[in-house]
Amino acid sequence: MQCALSVHLESFAFSSHPAIKNLSGTEKKRLDRGCIITQTEKLLSLLSGYNVKITFFIVSLIHEWYPDLVEKIAAAGHEIAWHTHTHAACHSQEALVRELETARVFFAQYKPVFFCAPEFKFTDDSYNLLAEAGFQAATTGISHSAEIRHGKISEIPV
């Protein structure tokens with residue numbers, strides 16, 4: 001972890017609203033209409049003006065949609081962290097495994113070491129999966145006031 005300030009890079013198209021939740025990735029990208037690019041570029045400009053580097057928790061499907069955007073974030077020196085592939089809540093080990101498997105290209109390129117669980121839903125028996133995938137730290141829920149360890153993973157409180 002490089003910075004104490006973070007942003008969740010996720011489109012409004014990742015809403016859990018019933019009308020949006022079950023749309024395909026292609027339909028969600030169409031719904032996004034590039035808004036995430038515009039918003040992120042404004043934020044990058046603001047951060048650059050103050051010479052501030054932050055952690056971006058990125059839904060890796062956004063990398064599939066707009067790879068140049070994620071590359072721009074990395075090139076500006078910000079930490080690339082992971083916020084799952086589809087912004088799915090990780091209610092079980094199986095759910096996390098699906099997300100990990102679909103994010104392989106993102107992992108190969110950016111090698112994130114910090115994870116944030118969508119909706120702060122996560123199961124304690126899944127920390128080992130994060131460690132096996134190379135993660136060192138996670139924020140998985142509104143938790144303790146101090147960092148705690150789960151095996152090889154440091155749980156960073158919100």
# chains A, B, ... in the order shown; residues from 1 in each chain; ligands from 1
call {"tool": "closest_atom_pairs", "arguments": {"of": "region 33-93 of chain A", "to": "region 10-14 of chain A", "cutoff": "7 Å", "atoms": "only C-alpha atoms", "output": "Markdown table"}}
result
| residue | atom | partner | partner_atom | distance |
| --- | --- | --- | --- | --- |
| A:Ile36 | CA | A:Ser11 | CA | 5.9 |
| A:Ile58 | CA | A:Glu10 | CA | 6.6 |
| A:Val59 | CA | A:Glu10 | CA | 5.8 |
| A:His87 | CA | A:Phe14 | CA | 6.3 |
call {"tool": "write_last_selection", "arguments": {"atoms": "N, CA and C atoms", "output": "short mmCIF file (atom, residue, chain, number, x, y, z; two decimals), in the first residue's frame"}}
result
data_model
loop_
_atom_site.label_atom_id
_atom_site.label_comp_id
_atom_site.auth_asym_id
_atom_site.auth_seq_id
_atom_site.Cartn_x
_atom_site.Cartn_y
_atom_site.Cartn_z
N ILE A 36 -16.96 7.17 -17.14
CA ILE A 36 -15.86 6.85 -16.22
C ILE A 36 -14.55 7.45 -16.73
N ILE A 58 -9.57 -0.69 -8.66
CA ILE A 58 -10.16 -0.74 -10.00
C ILE A 58 -10.96 -2.02 -10.20
N VAL A 59 -12.19 -1.85 -10.66
CA VAL A 59 -12.99 -2.98 -11.14
C VAL A 59 -12.35 -3.35 -12.48
N HIS A 87 -17.38 -6.23 -10.02
CA HIS A 87 -17.96 -5.57 -8.85
C HIS A 87 -18.98 -6.46 -8.15
#
call {"tool": "atom_distance", "arguments": {"atom1": "CA of Ile37 (chain A)", "atom2": "CA of Gly141 (chain A)"}}
result
27.5 Å
call {"tool": "select_by_dssp", "arguments": {"residues": "chain A", "states": "strand (DSSP E or B)", "output": "PyMOL selection string"}}
result
chain A and resi 6-9+55-58+79-82+114-116+137-139+148-150+153-155
call {"tool": "write_last_selection", "arguments": {"atoms": "C-alpha atoms", "output": "PDB file, in the first residue's frame"}}
result
ATOM      1  CA  SER A   6      -8.057   5.771  -2.210  1.00  0.00           C
ATOM      2  CA  VAL A   7     -10.742   5.853  -4.871  1.00  0.00           C
ATOM      3  CA  HIS A   8     -12.987   3.035  -6.029  1.00  0.00           C
ATOM      4  CA  LEU A   9     -12.859   3.170  -9.825  1.00  0.00           C
ATOM      5  CA  THR A  55      -4.578   4.159  -4.605  1.00  0.00           C
ATOM      6  CA  PHE A  56      -7.154   3.321  -7.273  1.00  0.00           C
ATOM      7  CA  PHE A  57      -9.235   0.238  -6.454  1.00  0.00           C
ATOM      8  CA  ILE A  58     -10.162  -0.740  -9.996  1.00  0.00           C
ATOM      9  CA  GLU A  79      -1.137   2.526  -7.113  1.00  0.00           C
ATOM     10  CA  ILE A  80      -3.311   0.063  -9.014  1.00  0.00           C
ATOM     11  CA  ALA A  81      -5.361  -2.070  -6.622  1.00  0.00           C
ATOM     12  CA  TRP A  82      -8.222  -4.481  -7.303  1.00  0.00           C
ATOM     13  CA  PHE A 114      -4.238  -4.512  -2.366  1.00  0.00           C
ATOM     14  CA  PHE A 115      -7.877  -5.677  -2.560  1.00  0.00           C
ATOM     15  CA  CYS A 116     -11.144  -4.016  -1.597  1.00  0.00           C
ATOM     16  CA  ALA A 137      -3.518  -6.311   2.029  1.00  0.00           C
ATOM     17  CA  ALA A 138      -7.288  -6.050   1.927  1.00  0.00           C
ATOM     18  CA  THR A 139     -10.160  -3.891   3.014  1.00  0.00           C
ATOM     19  CA  ILE A 148      -5.147  -6.990  11.824  1.00  0.00           C
ATOM     20  CA  ARG A 149      -3.611 -10.034  10.152  1.00  0.00           C
ATOM     21  CA  HIS A 150      -5.376 -12.905   8.416  1.00  0.00           C
ATOM     22  CA  ILE A 153      -3.036 -10.666   4.432  1.00  0.00           C
ATOM     23  CA  SER A 154      -3.147  -7.411   6.401  1.00  0.00           C
ATOM     24  CA  GLU A 155      -6.730  -6.240   6.898  1.00  0.00           C
TER      25      GLU A 155
END
call {"tool": "select_by_dssp", "arguments": {"residues": "chain A", "states": "alpha helix (DSSP H)", "output": "VMD selection string"}}
result
chain A and resid 18 to 21 25 to 32 35 to 49 60 to 65 67 to 75 93 to 102 104 to 110 127 to 132
call {"tool": "atom_distance", "arguments": {"atom1": "CA of Gln39 (chain A)", "atom2": "CA of Ile156 (chain A)"}}
result
26.6 Å
call {"tool": "residues_around", "arguments": {"residues": "Trp65 (chain A)", "least_positions_apart": "3", "cutoff": "8 Å", "atoms": "only C-alpha atoms", "output": "ChimeraX atom specification"}}
result
/A:29,61-62
call {"tool": "write_last_selection", "arguments": {"atoms": "N, CA and C atoms", "output": "PDB file, in the first residue's frame"}}
result
ATOM      1  N   LYS A  29     -21.149  -1.331 -20.328  1.00  0.00           N
ATOM      2  CA  LYS A  29     -20.253  -0.371 -20.975  1.00  0.00           C
ATOM      3  C   LYS A  29     -21.063   0.634 -21.790  1.00  0.00           C
ATOM      4  N   LEU A  61     -12.994  -5.074 -15.000  1.00  0.00           N
ATOM      5  CA  LEU A  61     -13.770  -5.026 -16.239  1.00  0.00           C
ATOM      6  C   LEU A  61     -13.587  -3.668 -16.917  1.00  0.00           C
ATOM      7  N   ILE A  62     -13.373  -2.619 -16.130  1.00  0.00           N
ATOM      8  CA  ILE A  62     -13.099  -1.295 -16.704  1.00  0.00           C
ATOM      9  C   ILE A  62     -11.811  -1.342 -17.521  1.00  0.00           C
TER      10      ILE A  62
END
call {"tool": "residues_around", "arguments": {"residues": "Arg104 (chain A)", "least_positions_apart": "2", "cutoff": "12 Å", "atoms": "only C-alpha atoms", "output": "PDB file with C-alpha atoms, in the first residue's frame"}}
result
ATOM      1  CA  SER A  60     -10.911  -4.832 -13.721  1.00  0.00           C
ATOM      2  CA  LEU A  61     -13.770  -5.026 -16.239  1.00  0.00           C
ATOM      3  CA  HIS A  63      -9.612  -2.307 -17.865  1.00  0.00           C
ATOM      4  CA  GLU A  64     -11.265  -4.451 -20.556  1.00  0.00           C
ATOM      5  CA  TRP A  82      -8.222  -4.481  -7.303  1.00  0.00           C
ATOM      6  CA  THR A  84     -12.960  -7.474  -8.271  1.00  0.00           C
ATOM      7  CA  HIS A  85     -13.583  -7.987 -11.962  1.00  0.00           C
ATOM      8  CA  VAL A  97     -12.563 -17.606  -7.389  1.00  0.00           C
ATOM      9  CA  ARG A  98     -14.781 -16.597 -10.363  1.00  0.00           C
ATOM     10  CA  GLU A  99     -13.673 -12.988  -9.992  1.00  0.00           C
ATOM     11  CA  LEU A 100      -9.995 -13.936  -9.658  1.00  0.00           C
ATOM     12  CA  GLU A 101     -10.111 -16.168 -12.733  1.00  0.00           C
ATOM     13  CA  THR A 102     -11.690 -13.507 -14.950  1.00  0.00           C
ATOM     14  CA  PHE A 106      -5.388  -7.360 -15.323  1.00  0.00           C
ATOM     15  CA  PHE A 107      -3.273  -9.195 -12.720  1.00  0.00           C
ATOM     16  CA  ALA A 108      -0.560 -10.030 -15.246  1.00  0.00           C
ATOM     17  CA  GLN A 109      -0.251  -6.415 -16.304  1.00  0.00           C
ATOM     18  CA  TYR A 110      -0.589  -4.563 -12.984  1.00  0.00           C
ATOM     19  CA  LYS A 111       0.206  -7.133 -10.255  1.00  0.00           C
ATOM     20  CA  PRO A 112      -2.040  -5.516  -7.632  1.00  0.00           C
ATOM     21  CA  ALA A 133      -3.189 -14.636  -5.891  1.00  0.00           C
ATOM     22  CA  GLY A 134      -0.363 -12.415  -4.598  1.00  0.00           C
TER      23      GLY A 134
END
call {"tool": "residues_around", "arguments": {"residues": "Thr140 (chain A)", "least_positions_apart": "4", "cutoff": "10 Å", "atoms": "only C-alpha atoms", "output": "list in words"}}
result
Cys90, Phe115, Cys116, Ala117, Pro118, Glu119, Phe120, Lys121, Phe122, Thr123, Asp124, Tyr127, Glu155, Ile156, Pro157 and Val158 of chain A
call {"tool": "write_last_selection", "arguments": {"atoms": "N, CA and C atoms", "output": "PDB file, in the first residue's frame"}}
result
ATOM      1  N   CYS A  90     -18.451 -10.683  -2.841  1.00  0.00           N
ATOM      2  CA  CYS A  90     -17.757 -11.964  -2.619  1.00  0.00           C
ATOM      3  C   CYS A  90     -18.358 -12.665  -1.409  1.00  0.00           C
ATOM      4  N   PHE A 115      -6.525  -5.286  -2.142  1.00  0.00           N
ATOM      5  CA  PHE A 115      -7.877  -5.677  -2.560  1.00  0.00           C
ATOM      6  C   PHE A 115      -8.912  -4.965  -1.700  1.00  0.00           C
ATOM      7  N   CYS A 116      -9.999  -4.554  -2.332  1.00  0.00           N
ATOM      8  CA  CYS A 116     -11.144  -4.016  -1.597  1.00  0.00           C
ATOM      9  C   CYS A 116     -12.393  -4.756  -2.055  1.00  0.00           C
ATOM     10  N   ALA A 117     -13.126  -5.289  -1.096  1.00  0.00           N
ATOM     11  CA  ALA A 117     -14.328  -6.071  -1.396  1.00  0.00           C
ATOM     12  C   ALA A 117     -15.502  -5.154  -1.731  1.00  0.00           C
ATOM     13  N   PRO A 118     -16.177  -5.384  -2.866  1.00  0.00           N
ATOM     14  CA  PRO A 118     -17.383  -4.621  -3.178  1.00  0.00           C
ATOM     15  C   PRO A 118     -18.443  -4.812  -2.096  1.00  0.00           C
ATOM     16  N   GLU A 119     -19.129  -3.727  -1.803  1.00  0.00           N
ATOM     17  CA  GLU A 119     -20.192  -3.733  -0.793  1.00  0.00           C
ATOM     18  C   GLU A 119     -19.662  -4.210   0.558  1.00  0.00           C
ATOM     19  N   PHE A 120     -18.348  -4.284   0.697  1.00  0.00           N
ATOM     20  CA  PHE A 120     -17.694  -4.772   1.921  1.00  0.00           C
ATOM     21  C   PHE A 120     -18.248  -6.126   2.344  1.00  0.00           C
ATOM     22  N   LYS A 121     -18.512  -6.968   1.340  1.00  0.00           N
ATOM     23  CA  LYS A 121     -18.992  -8.329   1.593  1.00  0.00           C
ATOM     24  C   LYS A 121     -17.858  -9.294   1.272  1.00  0.00           C
ATOM     25  N   PHE A 122     -17.495 -10.088   2.274  1.00  0.00           N
ATOM     26  CA  PHE A 122     -16.346 -10.977   2.145  1.00  0.00           C
ATOM     27  C   PHE A 122     -16.442 -12.033   3.237  1.00  0.00           C
ATOM     28  N   THR A 123     -15.907 -13.210   2.967  1.00  0.00           N
ATOM     29  CA  THR A 123     -15.922 -14.269   3.981  1.00  0.00           C
ATOM     30  C   THR A 123     -14.508 -14.497   4.509  1.00  0.00           C
ATOM     31  N   ASP A 124     -14.404 -14.708   5.798  1.00  0.00           N
ATOM     32  CA  ASP A 124     -13.092 -14.888   6.423  1.00  0.00           C
ATOM     33  C   ASP A 124     -12.312 -16.064   5.848  1.00  0.00           C
ATOM     34  N   TYR A 127      -9.488 -15.283   2.675  1.00  0.00           N
ATOM     35  CA  TYR A 127      -8.199 -14.583   2.714  1.00  0.00           C
ATOM     36  C   TYR A 127      -7.086 -15.413   2.076  1.00  0.00           C
ATOM     37  N   GLU A 155      -5.405  -6.851   7.057  1.00  0.00           N
ATOM     38  CA  GLU A 155      -6.730  -6.240   6.898  1.00  0.00           C
ATOM     39  C   GLU A 155      -6.599  -4.786   7.327  1.00  0.00           C
ATOM     40  N   ILE A 156      -6.837  -3.890   6.395  1.00  0.00           N
ATOM     41  CA  ILE A 156      -6.725  -2.460   6.655  1.00  0.00           C
ATOM     42  C   ILE A 156      -8.134  -1.934   6.937  1.00  0.00           C
ATOM     43  N   PRO A 157      -8.364  -1.327   8.092  1.00  0.00           N
ATOM     44  CA  PRO A 157      -9.723  -0.881   8.431  1.00  0.00           C
ATOM     45  C   PRO A 157     -10.167   0.301   7.578  1.00  0.00           C
ATOM     46  N   VAL A 158     -11.469   0.399   7.405  1.00  0.00           N
ATOM     47  CA  VAL A 158     -12.061   1.528   6.685  1.00  0.00           C
ATOM     48  C   VAL A 158     -12.223   2.663   7.668  1.00  0.00           C
TER      49      VAL A 158
END
call {"tool": "closest_residue", "arguments": {"among": "A:Ala89, A:Ala76, A:Glu94, A:Asn128", "to": "Leu46 (chain A)", "atoms": "only C-alpha atoms"}}
result
A:Ala76
call {"tool": "closest_residue", "arguments": {"among": "A:Leu47, A:Val113, A:Leu23, A:Glu71", "to": "Leu5 (chain A)", "atoms": "only C-alpha atoms"}}
result
A:Leu47
call {"tool": "atom_distance", "arguments": {"atom1": "CA of His17 (chain A)", "atom2": "CA of Leu31 (chain A)"}}
result
13.4 Å
